[in-house]
Structures are given as structure tokens and as C-alpha cells.
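Colleague: Next comes structure20.cif, mmCIF, C-alpha atoms and all ligand atoms:
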```
data_upload
loop_
_atom_site.label_atom_id
_atom_site.label_comp_id
_atom_site.auth_asym_id
_atom_site.auth_seq_id
_atom_site.Cartn_x
_atom_site.Cartn_y
_atom_site.Cartn_z
CA MET K 66 8.41 8.65 24.65
CA THR K 67 9.63 11.95 26.11
CA ARG K 68 8.92 15.32 24.52
CA ILE K 69 12.19 17.10 23.67
CA LEU K 70 10.90 20.10 21.71
CA THR K 71 7.63 22.04 21.34
CA LEU K 72 7.29 24.73 18.69
CA GLY K 73 3.57 25.51 19.27
CA GLU K 74 0.75 25.34 16.71
CA HIS K 75 1.82 25.68 13.07
CA PRO K 76 0.14 25.45 9.66
CA PRO K 77 1.52 22.96 7.07
CA VAL K 78 4.75 24.54 5.79
CA ASP K 79 4.11 23.95 2.10
CA ASN K 80 0.53 25.25 2.11
CA PHE K 81 1.15 28.69 0.60
CA LEU K 82 -2.20 30.48 0.24
CA PRO K 83 -3.76 33.45 -1.56
CA GLU K 84 -5.28 36.16 0.65
CA THR K 85 -8.78 34.87 -0.14
CA GLU K 86 -8.13 31.44 1.39
CA LEU K 87 -6.53 32.44 4.66
CA VAL K 88 -9.82 31.77 6.46
CA ASN K 89 -9.39 28.05 5.75
CA GLU K 90 -5.88 27.88 7.18
CA LYS K 91 -5.55 25.30 9.95
CA ARG K 92 -2.82 24.89 12.55
CA PHE K 93 -1.59 21.67 14.20
CA PRO K 94 0.64 21.02 17.26
CA LEU K 95 4.35 20.67 16.44
CA ASN K 96 6.09 18.67 19.16
CA VAL K 97 9.07 16.32 18.93
CA TYR K 98 9.56 13.18 21.04
CA PHE K 99 12.45 10.81 21.87
CA CYS K 100 11.79 7.05 21.99
CA HIS K 101 13.56 5.34 24.87
CA GLY K 102 13.23 1.98 23.11
CA CYS K 103 14.99 2.54 19.77
CA SER K 104 16.23 6.17 20.14
CA LEU K 105 14.03 7.27 17.25
CA VAL K 106 13.12 10.98 17.34
CA LYS K 107 9.72 11.70 15.86
CA LEU K 108 6.44 13.61 15.87
CA LEU K 109 3.38 12.00 17.47
CA ASP K 110 0.87 14.52 16.12
CA VAL K 111 0.41 13.11 12.61
CA VAL K 112 -1.30 15.38 10.06
CA ASP K 113 -3.23 13.55 7.32
CA GLU K 114 -0.87 13.04 4.35
CA LYS K 115 -3.61 14.28 2.00
CA VAL K 116 -3.57 17.64 3.85
CA LEU K 117 0.20 17.85 3.37
CA PHE K 118 0.73 16.34 -0.08
CA HIS K 119 -1.96 17.23 -2.60
CA GLY K 120 -2.54 18.32 -6.20
CA ASP K 121 -1.35 21.85 -5.44
CA TYR K 122 1.92 21.06 -3.66
CA ALA K 123 4.39 23.96 -3.57
CA TYR K 124 7.77 22.23 -3.33
CA PHE K 125 9.65 21.68 -6.58
CA SER K 126 13.08 20.20 -5.85
CA SER K 127 14.58 21.60 -9.04
CA ALA K 128 13.89 25.19 -7.92
CA SER K 129 17.24 24.93 -6.11
CA LYS K 130 20.19 24.66 -8.53
CA PRO K 131 22.59 23.17 -5.91
CA LEU K 132 20.04 20.39 -5.32
CA VAL K 133 19.92 19.55 -9.04
CA GLN K 134 23.73 19.28 -9.00
CA HIS K 135 23.51 17.04 -5.93
CA PHE K 136 21.06 14.64 -7.57
CA ASN K 137 23.11 14.55 -10.76
CA GLY K 138 26.12 13.41 -8.71
CA TYR K 139 23.93 10.96 -6.78
CA ALA K 140 22.77 9.38 -10.06
CA ASP K 141 26.37 9.10 -11.28
CA ASP K 142 27.33 7.41 -8.01
CA LEU K 143 24.55 4.82 -8.31
CA LYS K 144 25.35 4.18 -11.98
CA GLN K 145 28.98 3.48 -11.07
CA ARG K 146 28.09 1.22 -8.13
CA TYR K 147 25.42 -0.84 -9.92
CA ALA K 148 26.23 -1.71 -13.54
CA LEU K 149 22.82 -0.76 -14.93
CA THR K 150 21.69 -2.10 -18.32
CA PRO K 151 18.96 -0.54 -20.52
CA ASP K 152 16.47 -3.17 -19.34
CA ASP K 153 17.04 -2.48 -15.63
CA LEU K 154 14.39 -0.52 -13.72
CA VAL K 155 15.02 2.34 -11.27
CA VAL K 156 12.00 3.42 -9.21
CA ASP K 157 11.97 6.68 -7.18
CA ILE K 158 9.38 6.98 -4.40
CA GLY K 159 8.34 10.61 -3.87
CA SER K 160 10.00 11.48 -7.17
CA ASN K 161 8.78 15.12 -7.12
CA ASP K 162 9.63 16.86 -10.44
CA GLY K 163 11.89 14.03 -11.62
CA ILE K 164 14.99 15.68 -10.15
CA LEU K 165 16.80 12.31 -9.76
CA LEU K 166 15.28 10.07 -12.45
CA GLN K 167 15.95 12.60 -15.24
CA PHE K 168 19.60 11.58 -14.91
CA PHE K 169 18.80 7.88 -15.51
CA THR K 170 16.60 8.13 -18.62
CA ASP K 171 19.68 7.78 -20.88
CA THR K 172 20.78 4.59 -19.07
CA CYS K 173 17.79 2.43 -18.10
CA ARG K 174 14.03 2.28 -17.50
CA VAL K 175 12.72 4.68 -14.85
CA LEU K 176 9.47 5.07 -12.95
CA GLY K 177 8.55 7.82 -10.53
CA ILE K 178 5.84 7.60 -7.87
CA GLU K 179 4.62 11.03 -6.73
CA PRO K 180 1.39 11.88 -4.86
CA SER K 181 1.21 15.51 -6.05
CA ALA K 182 -0.23 15.63 -9.58
CA ASN K 183 0.99 19.18 -10.31
CA VAL K 184 4.59 18.25 -9.48
CA ALA K 185 4.37 14.88 -11.30
CA ALA K 186 3.28 16.73 -14.45
CA VAL K 187 6.63 18.58 -14.49
CA ALA K 188 8.48 15.25 -14.31
CA ARG K 189 6.49 13.85 -17.22
CA ASP K 190 7.37 16.92 -19.27
CA LYS K 191 11.01 15.90 -18.67
CA GLY K 192 10.30 12.43 -20.07
CA VAL K 193 10.21 10.81 -16.63
CA GLU K 194 7.33 8.30 -16.52
CA THR K 195 5.50 8.99 -13.25
CA ILE K 196 2.57 7.39 -11.43
CA VAL K 197 0.48 9.85 -9.36
CA GLY K 198 -0.18 8.26 -6.00
CA PHE K 199 1.23 7.19 -2.63
CA PHE K 200 3.57 4.16 -2.59
CA THR K 201 1.80 1.12 -1.07
CA ARG K 202 2.15 -2.66 -1.12
CA ALA K 203 -0.76 -2.82 -3.59
CA LEU K 204 0.89 -0.30 -5.92
CA ALA K 205 4.21 -2.17 -5.62
CA THR K 206 2.45 -5.38 -6.70
CA GLU K 207 0.86 -3.59 -9.67
CA VAL K 208 4.17 -2.02 -10.73
CA SER K 209 6.14 -5.26 -10.47
CA ALA K 210 3.45 -7.02 -12.56
CA ALA K 211 3.53 -4.29 -15.22
CA HIS K 212 7.24 -3.35 -15.20
CA GLY K 213 9.03 -6.26 -13.52
CA LYS K 214 11.30 -6.02 -10.46
CA ALA K 215 13.40 -2.94 -9.75
CA LYS K 216 17.22 -3.07 -9.55
CA ILE K 217 17.24 0.16 -7.55
CA ILE K 218 14.48 1.80 -5.52
CA THR K 219 15.17 5.23 -4.04
CA ALA K 220 13.28 7.45 -1.61
CA ASN K 221 14.85 10.85 -1.00
CA ASN K 222 13.59 13.39 1.49
CA VAL K 223 10.46 11.25 1.76
CA PHE K 224 11.31 8.28 4.00
CA ALA K 225 11.06 10.61 7.01
CA HIS K 226 7.62 11.72 5.82
CA ILE K 227 5.94 8.33 6.09
CA ASP K 228 3.80 7.25 9.04
CA ASP K 229 3.12 3.64 8.02
CA LEU K 230 6.69 2.42 7.55
CA GLU K 231 5.56 -1.21 7.43
CA GLU K 232 3.49 -0.49 4.32
CA ILE K 233 6.39 1.13 2.48
CA VAL K 234 9.08 -1.40 3.47
CA GLU K 235 6.83 -4.35 2.64
CA GLY K 236 6.05 -2.63 -0.67
CA VAL K 237 9.77 -2.23 -1.34
CA LYS K 238 10.33 -5.94 -0.66
CA VAL K 239 7.61 -6.82 -3.20
CA LEU K 240 9.07 -4.61 -5.94
CA LEU K 241 12.82 -4.93 -5.29
CA ASP K 242 14.98 -7.50 -7.11
CA ASP K 243 16.45 -10.03 -4.64
CA ASP K 244 19.90 -8.52 -5.21
CA GLY K 245 18.50 -5.01 -5.59
CA VAL K 246 19.19 -2.01 -3.35
CA PHE K 247 16.85 0.42 -1.58
CA VAL K 248 18.60 3.79 -1.21
CA THR K 249 17.19 6.60 0.93
CA GLU K 250 18.38 10.10 1.77
CA SER K 251 16.98 11.67 4.91
CA HIS K 252 17.90 14.56 7.13
CA TYR K 253 20.45 13.32 9.71
CA LEU K 254 19.55 13.75 13.40
CA LEU K 255 23.20 14.24 14.37
CA ASP K 256 23.50 17.30 12.08
CA LEU K 257 20.10 18.55 13.21
CA ILE K 258 21.04 18.59 16.89
CA GLU K 259 24.72 19.60 16.48
CA HIS K 260 23.83 22.58 14.21
CA MET K 261 20.55 23.45 15.93
CA GLU K 262 18.50 22.95 12.76
CA PHE K 263 15.22 22.99 14.69
CA ASP K 264 13.52 24.76 11.77
CA THR K 265 13.62 21.50 9.80
CA VAL K 266 10.98 20.31 12.23
CA TYR K 267 7.61 20.46 10.51
CA HIS K 268 4.60 18.19 9.98
CA GLU K 269 5.91 16.68 6.73
CA HIS K 270 8.92 15.37 8.72
CA LEU K 271 7.47 12.67 10.99
CA CYS K 272 10.85 11.05 11.76
CA TYR K 273 14.33 12.49 12.42
CA TYR K 274 16.53 9.55 11.60
CA SER K 275 19.80 8.30 12.96
CA VAL K 276 21.38 5.01 11.90
CA LYS K 277 20.45 3.01 15.05
CA PRO K 278 16.63 3.18 14.67
CA LEU K 279 16.97 2.63 10.90
CA CYS K 280 18.89 -0.60 11.53
CA HIS K 281 16.10 -1.67 13.90
CA LEU K 282 13.46 -0.80 11.33
CA PHE K 283 14.94 -2.79 8.44
CA GLU K 284 15.80 -5.70 10.75
CA ARG K 285 12.11 -5.96 11.65
CA PHE K 286 11.24 -6.57 8.00
CA GLY K 287 13.98 -9.00 7.03
CA MET K 288 16.13 -6.33 5.44
CA GLU K 289 19.47 -4.84 6.54
CA VAL K 290 21.39 -1.58 6.33
CA ALA K 291 24.35 -2.49 4.11
CA ALA K 292 26.14 0.88 4.03
CA VAL K 293 25.61 4.52 4.99
CA GLU K 294 27.12 7.82 3.85
CA ARG K 295 26.81 11.37 5.15
CA VAL K 296 25.88 13.91 2.45
CA ASN K 297 25.62 17.68 2.84
CA THR K 298 22.08 18.31 1.55
CA HIS K 299 19.46 20.05 3.71
CA GLY K 300 21.92 20.88 6.46
CA GLY K 301 23.30 17.32 6.63
CA SER K 302 21.67 14.07 5.55
CA ILE K 303 22.41 10.33 5.49
CA ARG K 304 22.29 8.20 2.35
CA VAL K 305 21.34 4.70 3.51
CA PHE K 306 21.78 1.62 1.34
CA ALA K 307 19.42 -1.17 2.45
CA ARG K 308 18.89 -4.62 0.94
CA LYS K 309 17.11 -7.89 1.62
CA LYS K 310 19.04 -9.89 4.22
CA SER K 311 22.08 -11.56 2.63
CA ASP K 312 25.40 -13.19 3.52
CA THR K 313 27.34 -10.28 2.05
CA PRO K 314 29.31 -8.48 4.80
CA ILE K 315 27.92 -5.14 6.06
CA HIS K 316 30.12 -2.16 5.10
CA ASP K 317 32.22 -0.66 7.94
CA SER K 318 30.45 2.68 7.49
CA VAL K 319 27.47 1.31 9.43
CA SER K 320 29.36 0.37 12.59
CA GLU K 321 31.47 3.55 12.29
CA LEU K 322 28.41 5.84 12.27
CA LEU K 323 26.73 3.82 15.03
CA ALA K 324 29.86 4.32 17.14
CA LEU K 325 29.94 8.05 16.36
CA GLU K 326 26.27 8.33 17.35
CA GLU K 327 26.96 6.49 20.63
CA ARG K 328 29.95 8.77 21.38
CA SER K 329 27.78 11.83 20.54
CA GLY K 330 25.11 10.69 23.01
CA LEU K 331 22.51 10.56 20.23
CA HIS K 332 20.97 7.39 21.68
CA SER K 333 20.18 8.94 25.06
CA LEU K 334 17.59 11.50 26.15
CA ALA K 335 20.21 13.61 27.95
CA ARG K 336 21.60 14.77 24.58
CA PHE K 337 18.37 16.65 23.92
CA GLN K 338 17.84 18.30 27.31
CA ASP K 339 18.92 21.77 26.08
CA PHE K 340 17.23 21.50 22.67
CA GLN K 341 14.22 23.62 23.71
CA THR K 342 16.15 26.39 25.45
CA ASP K 343 18.76 26.53 22.67
CA ALA K 344 16.02 26.87 20.03
CA GLU K 345 14.32 29.60 22.06
CA ALA K 346 17.65 31.42 22.41
CA ILE K 347 18.09 31.55 18.63
CA ARG K 348 14.47 32.72 18.27
CA ASP K 349 14.84 35.48 20.86
CA THR K 350 18.11 36.72 19.37
CA LEU K 351 16.58 36.82 15.88
CA VAL K 352 13.35 38.53 16.97
CA THR K 353 15.23 41.18 18.95
CA LEU K 354 17.63 41.82 16.04
CA VAL K 355 14.91 42.16 13.39
CA ARG K 356 12.61 44.30 15.56
CA ASP K 357 15.47 46.60 16.59
CA LEU K 358 16.46 47.03 12.93
CA ARG K 359 12.86 47.88 12.05
CA LYS K 360 12.73 50.43 14.90
CA GLU K 361 15.86 52.02 13.39
CA GLY K 362 13.92 52.35 10.12
CA LYS K 363 15.89 49.63 8.35
CA THR K 364 14.17 47.49 5.70
CA VAL K 365 14.22 43.74 6.29
CA THR K 366 13.15 41.12 3.74
CA ALA K 367 13.80 37.37 3.43
CA TYR K 368 15.49 35.10 0.86
CA GLY K 369 13.91 31.76 -0.09
CA ALA K 370 10.54 30.54 1.19
CA PRO K 371 11.56 26.97 2.08
CA ALA K 372 9.47 24.72 4.27
CA LYS K 373 12.01 25.14 7.06
CA GLY K 374 11.71 28.93 6.69
CA ASN K 375 8.04 28.77 7.58
CA THR K 376 8.76 26.89 10.79
CA LEU K 377 11.25 29.62 11.70
CA LEU K 378 8.97 32.54 10.72
CA ASN K 379 6.06 31.10 12.72
CA PHE K 380 8.16 30.13 15.73
CA CYS K 381 9.43 33.73 15.78
CA GLY K 382 5.94 35.13 15.29
CA PHE K 383 7.13 37.28 12.39
CA THR K 384 4.62 39.07 10.14
CA LYS K 385 4.91 41.37 7.13
CA ASP K 386 5.38 44.25 9.62
CA ASP K 387 8.74 42.65 10.47
CA ILE K 388 9.65 41.21 7.04
CA THR K 389 8.24 43.11 4.05
CA TYR K 390 8.46 40.26 1.52
CA VAL K 391 10.28 37.01 0.80
CA THR K 392 11.75 36.10 -2.59
CA ASP K 393 11.67 32.57 -4.01
CA THR K 394 12.63 30.98 -7.33
CA THR K 395 9.61 28.64 -7.28
CA PRO K 396 6.96 30.03 -9.69
CA HIS K 397 4.27 28.14 -7.77
CA LYS K 398 5.00 30.08 -4.54
CA ILE K 399 5.24 33.56 -6.10
CA GLY K 400 2.13 35.68 -5.57
CA LEU K 401 1.02 33.65 -2.54
CA LEU K 402 1.47 34.24 1.21
CA THR K 403 3.72 32.26 3.53
CA PRO K 404 1.73 29.83 5.73
CA GLY K 405 0.91 31.35 9.12
CA SER K 406 3.10 34.45 8.93
CA HIS K 407 1.31 35.56 5.71
CA ILE K 408 4.30 37.37 4.21
CA PRO K 409 4.03 37.96 0.43
CA VAL K 410 6.24 35.74 -1.75
CA VAL K 411 7.65 37.66 -4.69
CA SER K 412 9.94 36.94 -7.64
CA PRO K 413 13.72 37.33 -6.99
CA GLU K 414 13.75 39.88 -9.87
CA ILE K 415 12.67 42.50 -7.33
CA LEU K 416 16.27 42.46 -6.02
CA GLU K 417 17.50 43.83 -9.36
CA THR K 418 16.02 47.20 -8.36
CA ASP K 419 15.26 46.96 -4.63
CA THR K 420 18.17 47.03 -2.13
CA PRO K 421 16.89 45.95 1.29
CA ASP K 422 19.13 46.94 4.21
CA TYR K 423 18.93 43.40 5.60
CA ILE K 424 17.83 40.05 4.16
CA LEU K 425 17.05 37.05 6.42
CA LEU K 426 18.42 33.96 4.67
CA LEU K 427 15.72 31.33 5.27
CA ALA K 428 17.30 28.96 2.72
CA TRP K 429 20.47 28.82 4.87
CA ASN K 430 21.30 25.33 3.58
CA TYR K 431 22.34 27.03 0.30
CA ARG K 432 24.31 29.76 2.09
CA ASP K 433 27.54 29.65 0.07
CA PHE K 434 25.73 29.37 -3.28
CA ILE K 435 23.39 32.28 -2.49
CA LEU K 436 26.01 34.62 -0.97
CA GLU K 437 28.13 34.02 -4.06
CA LYS K 438 25.18 34.57 -6.38
CA GLU K 439 24.17 37.82 -4.66
CA GLN K 440 27.62 39.47 -4.73
CA SER K 441 26.34 42.58 -6.56
CA LEU K 442 23.41 43.03 -4.19
CA ARG K 443 25.82 42.82 -1.24
CA ALA K 444 28.09 45.30 -2.97
CA ARG K 445 25.09 47.65 -3.07
CA GLY K 446 25.07 47.47 0.75
CA THR K 447 22.59 44.71 1.59
CA LYS K 448 23.57 42.59 4.60
CA PHE K 449 22.44 38.97 5.02
CA ILE K 450 21.20 37.63 8.37
CA ILE K 451 22.05 33.91 8.72
CA PRO K 452 19.71 32.36 11.37
CA ILE K 453 21.14 28.80 11.72
CA PRO K 454 23.28 27.36 13.38
CA ASN K 455 23.50 30.76 15.18
CA VAL K 456 22.39 34.24 14.25
CA GLU K 457 25.10 36.15 12.36
CA ILE K 458 25.25 39.05 9.92
CA VAL K 459 27.43 38.79 6.80
O1 LIG K 501 11.23 17.33 3.17
C1 LIG K 501 11.45 18.24 2.42
C2 LIG K 501 12.77 18.84 2.36
C3 LIG K 501 13.77 17.76 2.35
O2 LIG K 501 12.86 19.63 1.24
C4 LIG K 501 10.45 18.78 1.54
N1 LIG K 501 9.18 18.33 2.01
C5 LIG K 501 10.53 20.21 1.40
C6 LIG K 501 11.92 20.64 1.23
O3 LIG K 501 12.24 21.48 2.30
P1 LIG K 501 12.65 22.98 2.02
O4 LIG K 501 11.53 23.69 1.34
O5 LIG K 501 13.13 23.51 3.28
O6 LIG K 501 13.79 22.70 0.94
P2 LIG K 501 14.87 23.60 0.26
O7 LIG K 501 15.38 22.84 -0.90
O8 LIG K 501 15.86 24.03 1.25
O9 LIG K 501 14.07 24.88 -0.27
C7 LIG K 501 14.80 25.98 -0.75
C8 LIG K 501 13.83 27.05 -1.22
O10 LIG K 501 14.58 28.21 -1.53
C9 LIG K 501 13.05 26.66 -2.48
O11 LIG K 501 11.72 27.15 -2.37
C10 LIG K 501 13.78 27.40 -3.58
C11 LIG K 501 14.33 28.62 -2.86
N2 LIG K 501 15.60 29.12 -3.42
C12 LIG K 501 15.67 30.42 -3.89
O12 LIG K 501 14.68 31.16 -3.84
N3 LIG K 501 16.85 30.87 -4.41
C13 LIG K 501 16.69 28.28 -3.43
C14 LIG K 501 17.88 28.74 -3.96
C15 LIG K 501 19.08 27.86 -4.00
C16 LIG K 501 17.96 30.11 -4.49
O13 LIG K 501 19.02 30.55 -4.95
#
```
Please express what this file holds, its structure, as C-alpha cells.
Ligand code: DWN
Modeller:
Amino acid sequence: MTRILTLGEHPPVDNFLPETELVNEKRFPLNVYFCHGCSLVKLLDVVDEKVLFHGDYAYFSSASKPLVQHFNGYADDLKQRYALTPDDLVVDIGSNDGILLQFFTDTCRVLGIEPSANVAAVARDKGVETIVGFFTRALATEVSAAHGKAKIITANNVFAHIDDLEEIVEGVKVLLDDDGVFVTESHYLLDLIEHMEFDTVYHEHLCYYSVKPLCHLFERFGMEVAAVERVNTHGGSIRVFARKKSDTPIHDSVSELLALEERSGLHSLARFQDFQTDAEAIRDTLVTLVRDLRKEGKTVTAYGAPAKGNTLLNFCGFTKDDITYVTDTTPHKIGLLTPGSHIPVVSPEILETDTPDYILLLAWNYRDFILEKEQSLRARGTKFIIPIPNVEIV
């Protein structure tokens, strides 16, 4: 393993806190490594999953309208591919607020598995049956005994969060129908490095997947990657279709993406040699810009308090002296402080009356949607600072 990026000591990005609890805030090293064996890029400093995912978790997928639209389309795609009948079972691991399964309840049986009770409660209110807990072999055995085998198991923006991959893949094999499919969506390493999305590095994200190490992983457990697709969520992700080993031919998309990765140098350490200096260059440009604007008496706020935004704020060392407040649509985050940088999170309604001179767009992965949505604010003179893939003002 060779370290390819160090971002310093950071608090968990989804642990938004009230002023009174700041004393308990802990920081952990945030370093990224490249594996010479299978080309996997990952963290080695693993923070206990109970510290990261707990009964007061702050991320609600449905707080982002474009993401709801994405998962609606994703559900339609799976329904078309796999002729689901009312008796079929679709299980979503890390189902959050039921953002995907809500689109299956009219078609078949669904079951969510979500470790954060407060988020699972929102899914249940949507009629999505949800078990509160982490997915394990034991839970898979219980579920298959109670509900039968699953035709489809999904794990979106969660497969990269898991340290014990053997436990989850073996659990999937227990619960999955022999001709079932295990579909995952994870941030794609190629997009991360090509678009300098270093802010998506945080403790929840243990692995930064490319297709090569995923093929190795499933091979180890008697499964295979049957097909892959690139999707545009979270700055660029891969939707991977895995199944139990079979005689059915593998779709060309797998060899095509493996070849693209090879051509892009993604399987060799050299590809990452400038990762640190390039990340620091973006940081330095952003810090200089914001601090110069403040010196000129300009007001600077931020838009969206995503997990990735907290990596960026802390890597830049920003405080509320630099950024007065950050707006977010997630009720759970409003009224709390951003982890580490301790900037107040407020309701987006403030922008109906307040006209900041500049707004740092932390939720850059929804750039087009947000710039469109905030036309009137921009007409009032507010400029947006886009930090990734390079700092620009629009
Ligand atoms: O792994 C994870 C990734 C995949 O998703 C999770 N553990 C956490 C999450 O990361 P994130 O917080 O960076 O995800 P989002 O979806 O980019 O977060 C966007 C944030 O911006 C949300 O808090 C909602 C907010 N938002 C907003 O305030 N106004 C979003 C939109 C679209 C808006 O218009």
C-alpha cells in the first residue's frame, strides 16, 4: 500500500453538532492509499461504523430532488430488465429514507435494511418496510427464512462504506436467488481522479472503487461482475450488476471499462502522483479567493452542507469568520453546526431576503439544478463559487 493523499485530521462528516456538544467532537486521520496488488484505493484508518452511522444520522437522500429523480429512473430500469412479479422480493442494503424502494412498492415486495433508526423511520412512513440494523450473514439468514430469497438486492452509496466485505458478500449469497442480481452504485474512482473530487474522501467512504478490484472481489466469493454502467450521481458513479457465477456471457461493458481504466492508468500508482499537490492547489486558490473577498468586505456564505462539503471546509480550514452560514434543505441539519468548521447551518429560506455577495457551492454535484433554481438570487447580484473540478465564479 502506498499513501496517495493525506487531508489531515477530520471529524466524521455527517456528525453535525449543537454548540453544547462541540467538546465531544473527535477527529480521525484521513489518508488514502493505493494497493499495488489489486489497484484498490482505500482508507486504512477505519472509524467504528457505530460512530459514523447511528440513531441520529444527518444524511437523508431525499433532501436532494435530483437524487430522487435518479432513483426513480434507476427503479424503472431494474423493473424493465427483470420482469418482477408481486411475489418477488427486492432488498436494499443501506436503504436510507426509502429513496429507491418507494418506487417498487407498487410492483413487488420490498425490504430495506438501514442502521440509522431516525432515517429508517422516514422510510417506514413512506410504506417501505425497513429493518434497523447493519447487513450481516446472520441477518441475511433471518431475512431469507422470514421473507424468502430476493430477486434483486441493491446497495447504493453504501458498498464503499463497508470494511468487512466478506461479511456482506457472503450475506448477499445467502439471501440472493440463484438467478438473482446484486446491483450496487458507488462513486467511480476514474471520475474522482479525473475531476479532482478529493472532497468525496471522508471516513464513511472506505473504498474508492474501479471495476478491476471489484471483479477481483466478487471472483473471490464465487460471484462475477456481469455488467457495469457509468451514471452521473455524486460526481460520477458506477452501477455494477453482480451475480452468482453462471455460464451466461459477461456483458461487453465490463471489458470496455477495464480497458478504459487501463488506458487511463488507473491501475498504476503513477496516475496518483500529483493527487496531493493538485488537491492542495485547489485548496490554496479557494482559501485565497474567499479571504481576499472577506478583506474587501464582501459577504460569503455556502450552499448545501453535504458530507463532501465538510471535507472541503475542514481541509481549507474555513470557519464562520470566512463563511457566515451554510444553507441546507435537510431539516435534521438546520440549527446545527458543520463538523469541525462549526459554521451554522440555516434554512434556505434565508436566501429569500438575504443576498450574499458570494456563495460557495459545496453541493457542486447538483450544480446545474441549483444554478437554475437560484436564477432570481443570481439576478439580485449573488455570484456562485464552484470549487470542483477547479475554482470558478459564475
Ligand atoms: O456516501 C454518501 C454519499 C454518496 O452521499 C453518504 N454517506 C452521504 C452523501 O454524501 P453527500 O452529503 O455529499 O451527498 P449529497 O447528496 O451530495 O448532499 C447534498 C446536500 O445538499 C444535502 O444535504 C442536501 C443539500 N441540498 C440543498 O441544500 N439544496 C441539495 C440540493 C439539491 C439543494 O438544492
Colleague: Let me have the centre and edge lengths of the axis-aligned box enclosing all listed atoms of ligand LIG 501 (chain K) with 6 Å padding on every side, in Å to one decimal, as lines of an AutoDock Vina configuration file.
Modeller:
```
center_x = 14.1
center_y = 24.2
center_z = -0.8
size_x = 21.9
size_y = 25.8
size_z = 20.2
```
Colleague: I need the residue nearest Glu294 in chain K from this list: K:Glu327, K:Ile451, K:Ser251, K:Asp343. Use all atoms listed in the file for the distance.
Modeller: K:Ser251
Colleague: Report, in Å with one decimal, the straight-line distance from CA of Arg348 in chain K to CA of Phe380 in chain K.
Modeller: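 Value for the CA of Arg348 in chain K-CA of Phe380 in chain K distance: 7.3 Å.
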Colleague: Which residues form the shell of 6 Å around ligand LIG 501 (chain K) when you count all atoms listed in the file, given as a PDB file with C-alpha atoms, in the coordinates of the input?
Modeller:
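The resulting file, selection_9.pdb, is reproduced below:
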```
ATOM      1  CA  TYR K 124       7.770  22.230  -3.330  1.00  0.00           C
ATOM      2  CA  ALA K 128      13.890  25.190  -7.920  1.00  0.00           C
ATOM      3  CA  SER K 129      17.240  24.930  -6.110  1.00  0.00           C
ATOM      4  CA  LYS K 130      20.190  24.660  -8.530  1.00  0.00           C
ATOM      5  CA  ASN K 222      13.590  13.390   1.490  1.00  0.00           C
ATOM      6  CA  GLU K 269       5.910  16.680   6.730  1.00  0.00           C
ATOM      7  CA  HIS K 299      19.460  20.050   3.710  1.00  0.00           C
ATOM      8  CA  GLY K 369      13.910  31.760  -0.090  1.00  0.00           C
ATOM      9  CA  ALA K 370      10.540  30.540   1.190  1.00  0.00           C
ATOM     10  CA  PRO K 371      11.560  26.970   2.080  1.00  0.00           C
ATOM     11  CA  ALA K 372       9.470  24.720   4.270  1.00  0.00           C
ATOM     12  CA  LYS K 373      12.010  25.140   7.060  1.00  0.00           C
ATOM     13  CA  THR K 392      11.750  36.100  -2.590  1.00  0.00           C
ATOM     14  CA  ASP K 393      11.670  32.570  -4.010  1.00  0.00           C
ATOM     15  CA  THR K 394      12.630  30.980  -7.330  1.00  0.00           C
ATOM     16  CA  THR K 395       9.610  28.640  -7.280  1.00  0.00           C
ATOM     17  CA  ALA K 428      17.300  28.960   2.720  1.00  0.00           C
ATOM     18  CA  TYR K 431      22.340  27.030   0.300  1.00  0.00           C
ATOM     19  CA  ILE K 435      23.390  32.280  -2.490  1.00  0.00           C
TER      20      ILE K 435
END
```
Colleague: Of the candidates K:Lys216, K:Arg68, K:Lys398, K:His316, which one gets nearest to Val246 in chain K if we count all atoms listed in the file?
Modeller: K:Lys216
Colleague: Regenerate range 404-417 of chain K at the level of N, CA and C atoms and dump it as a PDB file, in the coordinates of the input.
Modeller:
```pdb
ATOM      1  N   PRO K 404       2.690  30.402   4.778  1.00  0.00           N
ATOM      2  CA  PRO K 404       1.730  29.830   5.730  1.00  0.00           C
ATOM      3  C   PRO K 404       1.920  30.400   7.141  1.00  0.00           C
ATOM      4  N   GLY K 405       0.842  30.886   7.736  1.00  0.00           N
ATOM      5  CA  GLY K 405       0.910  31.350   9.120  1.00  0.00           C
ATOM      6  C   GLY K 405       1.369  32.789   9.259  1.00  0.00           C
ATOM      7  N   SER K 406       2.565  33.088   8.780  1.00  0.00           N
ATOM      8  CA  SER K 406       3.100  34.450   8.930  1.00  0.00           C
ATOM      9  C   SER K 406       2.551  35.388   7.858  1.00  0.00           C
ATOM     10  N   HIS K 407       1.996  34.797   6.759  1.00  0.00           N
ATOM     11  CA  HIS K 407       1.310  35.560   5.710  1.00  0.00           C
ATOM     12  C   HIS K 407       2.140  36.700   5.140  1.00  0.00           C
ATOM     13  N   ILE K 408       3.405  36.398   4.853  1.00  0.00           N
ATOM     14  CA  ILE K 408       4.300  37.370   4.210  1.00  0.00           C
ATOM     15  C   ILE K 408       4.261  37.125   2.708  1.00  0.00           C
ATOM     16  N   PRO K 409       4.133  38.180   1.892  1.00  0.00           N
ATOM     17  CA  PRO K 409       4.030  37.960   0.430  1.00  0.00           C
ATOM     18  C   PRO K 409       5.301  37.339  -0.156  1.00  0.00           C
ATOM     19  N   VAL K 410       5.120  36.350  -1.023  1.00  0.00           N
ATOM     20  CA  VAL K 410       6.240  35.740  -1.750  1.00  0.00           C
ATOM     21  C   VAL K 410       6.319  36.414  -3.110  1.00  0.00           C
ATOM     22  N   VAL K 411       7.493  36.936  -3.427  1.00  0.00           N
ATOM     23  CA  VAL K 411       7.650  37.660  -4.690  1.00  0.00           C
ATOM     24  C   VAL K 411       8.805  37.066  -5.498  1.00  0.00           C
ATOM     25  N   SER K 412       8.878  37.453  -6.772  1.00  0.00           N
ATOM     26  CA  SER K 412       9.940  36.940  -7.640  1.00  0.00           C
ATOM     27  C   SER K 412      11.287  37.557  -7.240  1.00  0.00           C
ATOM     28  N   PRO K 413      12.385  36.794  -7.323  1.00  0.00           N
ATOM     29  CA  PRO K 413      13.720  37.330  -6.990  1.00  0.00           C
ATOM     30  C   PRO K 413      14.119  38.523  -7.860  1.00  0.00           C
ATOM     31  N   GLU K 414      13.428  38.732  -8.983  1.00  0.00           N
ATOM     32  CA  GLU K 414      13.750  39.880  -9.870  1.00  0.00           C
ATOM     33  C   GLU K 414      13.667  41.206  -9.110  1.00  0.00           C
ATOM     34  N   ILE K 415      12.833  41.252  -8.071  1.00  0.00           N
ATOM     35  CA  ILE K 415      12.670  42.500  -7.330  1.00  0.00           C
ATOM     36  C   ILE K 415      14.018  43.015  -6.819  1.00  0.00           C
ATOM     37  N   LEU K 416      14.951  42.079  -6.578  1.00  0.00           N
ATOM     38  CA  LEU K 416      16.270  42.460  -6.020  1.00  0.00           C
ATOM     39  C   LEU K 416      17.177  43.088  -7.079  1.00  0.00           C
ATOM     40  N   GLU K 417      16.725  43.127  -8.325  1.00  0.00           N
ATOM     41  CA  GLU K 417      17.500  43.830  -9.360  1.00  0.00           C
ATOM     42  C   GLU K 417      17.375  45.341  -9.163  1.00  0.00           C
TER      43      GLU K 417
END
```
